[in-house]
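Participant: Questions regarding the structure given below will be posed in turn.
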Amino acid sequence: MPGPASTTDLVVCTVPTYNEAANILPLAKELLALGPNFRVLVIDDHSPDGTWKLVEEAARSEPRLFLLHRTADKGRGRAGRDGFVRALELGATVVIEMDADHSHQPKYIPVMLERLNRRGEEVGLVLGSRGVVGGKDAHRGLFRQLLTKCANLYIRMMLGVPVRDCNSGFRCWRADTLRAIQVEKTFSPGPAIVQELLFKTAQRRIGIAEVPIEFQNRLHGQSTLTLRILLQGYTAVLKLRWLAVTGRI
Ligand SMILES: Nc1nc2c(ncn2[C@@H]2O[C@H](COP(=O)(O)OP(=O)(O)OP(=O)(O)O)[C@@H](O)[C@H]2O)c(=O)[nH]1
Ligand SMILES: [Mg+2]
């Protein structure tokens with residue numbers, strides 16, 4: 001069933017942060033400028049660089065900016081889960097999920113919303129995708145691009161999800177989709193939340209569309225991606241397959 005027009009959606013942009021002090025406020029400003037129906041929810045895991053303090057301070061004079069300051073149970077996946085739950089509590093009809101480091105450019109959000117709400121199509125999730133015609137990962141080194149390609153191939157084979165960019169953390173969710181996949185029960189503690197939610201959406205046969213995006217390198221700060229996290233990602237996908245085979249998800 002097509003959703004309401006994008007102009008009537010309450011769009012909550014969820015942005016998990018860990019040491020993103022140089023990135024977060026300019027990004028929040030850009031997101032809020034997309035329209036009066038936009039809210040920004042920053043989910044910070046008590047960043048040592050004080051990201052949460054900057055957001056807390058800015059939120060005092062900006063009623064459309066919200067902070068979820070987490071001090072326990074840290075991790076990208078847990079922060080993402082709590083962010084989705086809070087976004088639904090805020091009354092979101094559409095939830096955007098994106099990184100704070102300017103890799104995901106706000107200019108694509110209206111395009112993603114248009115795709116989500118296109119008449120006559122049943123789409124419950126739109127991915128900002130590097131894997132479809134027009135999508136680009138050009139600013140990344142060859143090695144990182146190769147890693148992404150291998151990971152995509154592996155995930156598509158293991159999970160059978162019908163999309164080209166299984167690693168995209170730039171996504172536009174219909175609130176009903178998040179409720180249907182019981183987002184509050186998300187169990188991935190780390191970045192594998194991206195694949196867990198994608199898999200659960202595909203399992204329920206909810207329509208998934210991809211719009212091309214040009215992925216940018218992070219503007220400021222350091223990546224949280226390590227070899228350990230990368231390997232954990234591969235085992236997390238195996239675990240998802242196993243849980244599905246044994247009928248537990
Ligand atoms: N709240 C919270 N956010 C996190 C955590 N780890 C990463 N993030 C945020 O999640 C987003 C993605 O993390 P990145 O470090 O950019 O990881 P990546 O995009 O795989 O790696 P790069 O492309 O190299 O930047 C960023 O906005 C981070 O600040 C965490 O433990 N808690
Ligand atoms: Mg990043």
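In the structure tokens, each chain is lettered A, B, ... as it comes, each chain's residues begin at 1, and ligands are numbered from 1 in order of appearance.
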Would you mind listing what lies within 9 Å of Cys13 in chain A as JSON, numbers by chain, with only C-alpha atoms counted and same-chain residues fewer than 4 positions away left out?

Facilitator: {"A": [28, 31, 38, 39, 40, 41, 42, 87, 94, 95, 96, 97, 98, 172]}

Participant: Could you write out that same residue set with C-alpha atoms as a PDB file, in the first residue's frame?

Facilitator:
```pdb
ATOM      1  CA  ALA A  28      22.085  18.106  11.849  1.00  0.00           C
ATOM      2  CA  LEU A  31      19.031  17.628   7.800  1.00  0.00           C
ATOM      3  CA  PHE A  38      12.175  16.732   9.787  1.00  0.00           C
ATOM      4  CA  ARG A  39      13.569  15.805  13.204  1.00  0.00           C
ATOM      5  CA  VAL A  40      17.106  14.714  14.019  1.00  0.00           C
ATOM      6  CA  LEU A  41      17.799  12.148  16.722  1.00  0.00           C
ATOM      7  CA  VAL A  42      21.445  11.668  17.699  1.00  0.00           C
ATOM      8  CA  ALA A  87      12.061   7.540  16.654  1.00  0.00           C
ATOM      9  CA  VAL A  94       9.382   7.554   8.198  1.00  0.00           C
ATOM     10  CA  VAL A  95      12.764   6.901   9.807  1.00  0.00           C
ATOM     11  CA  ILE A  96      16.074   7.686   8.132  1.00  0.00           C
ATOM     12  CA  GLU A  97      19.177   5.852   9.301  1.00  0.00           C
ATOM     13  CA  MET A  98      22.576   7.329   8.452  1.00  0.00           C
ATOM     14  CA  CYS A 172      14.778   5.136   4.615  1.00  0.00           C
TER      15      CYS A 172
END
```

Participant: Write out, as a tab-separated table, each residue of chain A that has an atom at most 7 Å from ligand 1, together with the closest pair of atoms and their distance in Å to one decimal, counting only C-alpha atoms and all ligand atoms, rows going by chain and rising number.

Facilitator:
```
residue	atom	partner	partner_atom_place_in_ligand_line	distance
A:Val15	CA	ligand 1	27 (O)	6.2
A:Pro16	CA	ligand 1	3 (N)	4.1
A:Thr17	CA	ligand 1	29 (O)	3.5
A:Tyr18	CA	ligand 1	29 (O)	3.9
A:Asn19	CA	ligand 1	29 (O)	6.0
A:Glu20	CA	ligand 1	29 (O)	5.6
A:Ile43	CA	ligand 1	1 (N)	5.2
A:Asp44	CA	ligand 1	1 (N)	4.2
A:Asp45	CA	ligand 1	1 (N)	4.4
A:Lys74	CA	ligand 1	31 (O)	5.5
A:Gly75	CA	ligand 1	31 (O)	3.4
A:Arg76	CA	ligand 1	30 (C)	3.8
A:Ala79	CA	ligand 1	1 (N)	4.8
A:Asp99	CA	ligand 1	27 (O)	3.7
A:Ala100	CA	ligand 1	27 (O)	3.8
A:Asp101	CA	ligand 1	27 (O)	5.6
A:Asn217	CA	ligand 1	23 (O)	6.3
A:Arg218	CA	ligand 1	25 (O)	5.2
A:Gln222	CA	ligand 1	15 (O)	6.5
A:Ser223	CA	ligand 1	15 (O)	3.7
A:Thr224	CA	ligand 1	15 (O)	3.7
A:Leu225	CA	ligand 1	21 (O)	5.1
```

Participant: Could you write out that same residue set with C-alpha atoms as an mmCIF file, in the first residue's frame?

Facilitator:
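File produced: out00.cif:
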```
data_model
loop_
_atom_site.group_PDB
_atom_site.id
_atom_site.type_symbol
_atom_site.label_atom_id
_atom_site.label_comp_id
_atom_site.auth_asym_id
_atom_site.auth_seq_id
_atom_site.Cartn_x
_atom_site.Cartn_y
_atom_site.Cartn_z
ATOM 1 C CA VAL A 15 22.280 9.268 13.586
ATOM 2 C CA PRO A 16 24.380 7.049 15.875
ATOM 3 C CA THR A 17 27.561 8.805 16.951
ATOM 4 C CA TYR A 18 30.823 7.891 18.540
ATOM 5 C CA ASN A 19 33.430 10.660 18.534
ATOM 6 C CA GLU A 20 31.789 12.745 15.831
ATOM 7 C CA ILE A 43 22.222 8.482 19.591
ATOM 8 C CA ASP A 44 25.542 8.931 21.320
ATOM 9 C CA ASP A 45 27.377 6.330 23.409
ATOM 10 C CA LYS A 74 27.323 0.437 24.138
ATOM 11 C CA GLY A 75 27.715 -0.478 20.477
ATOM 12 C CA ARG A 76 26.639 0.591 16.992
ATOM 13 C CA ALA A 79 22.539 2.401 19.610
ATOM 14 C CA ASP A 99 26.166 7.853 9.569
ATOM 15 C CA ALA A 100 27.336 11.096 11.131
ATOM 16 C CA ASP A 101 30.558 11.388 9.140
ATOM 17 C CA ASN A 217 34.687 9.374 2.565
ATOM 18 C CA ARG A 218 34.245 10.479 6.161
ATOM 19 C CA GLN A 222 38.358 8.357 12.603
ATOM 20 C CA SER A 223 36.586 5.252 11.431
ATOM 21 C CA THR A 224 35.436 2.762 14.076
ATOM 22 C CA LEU A 225 35.967 -0.066 11.571
#
```

Participant: Let me make sure I understand: among A:Gly128, A:Gly221, A:Pro162, A:Pro48, which one has the smallest atom-to-atom distance to ligand 2 if we use only C-alpha atoms and all ligand atoms?

Facilitator: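 Looking only at the distances to ligand 2, the closest residue turns out to be A:Gly221.
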
Participant: Nearest residue to ligand 2 out of A:Arg179, A:His104, A:Arg119, A:Lys239, using only C-alpha atoms and all ligand atoms?

Facilitator: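 Comparing A:Arg179, A:His104, A:Arg119, A:Lys239 against ligand 2, the winner is A:His104.
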
Participant: Output as a list of chain:residue names all residues of range 146-191 of chain A that backbone DSSP marks as strand (DSSP E).

Facilitator: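 Written out, the strand (DSSP E) residues of range 146-191 of chain A are A:Arg171, A:Cys172, A:Trp173, A:Arg174.
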
Participant: I need the residues from that last selection saved to file as a PDB file, in the first residue's frame (with C-alpha atoms), if you can.

Facilitator:
```
ATOM      1  CA  ARG A 171      18.291   3.794   4.604  1.00  0.00           C
ATOM      2  CA  CYS A 172      14.778   5.136   4.615  1.00  0.00           C
ATOM      3  CA  TRP A 173      12.288   3.056   6.572  1.00  0.00           C
ATOM      4  CA  ARG A 174       8.538   3.209   6.665  1.00  0.00           C
TER       5      ARG A 174
END
```

Participant: From the list A:His102, A:Asp73, A:Leu153, A:Pro26, which residue is nearest ligand 2 when using only C-alpha atoms and all ligand atoms?

Facilitator: A:His102

Participant: Smallest atom-to-atom distance to ligand 2: which of A:Leu25, A:Ile206, A:Ala175, A:Leu219, using only C-alpha atoms and all ligand atoms?

Facilitator: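 So, comparing all the options, the nearest one is A:Leu219.
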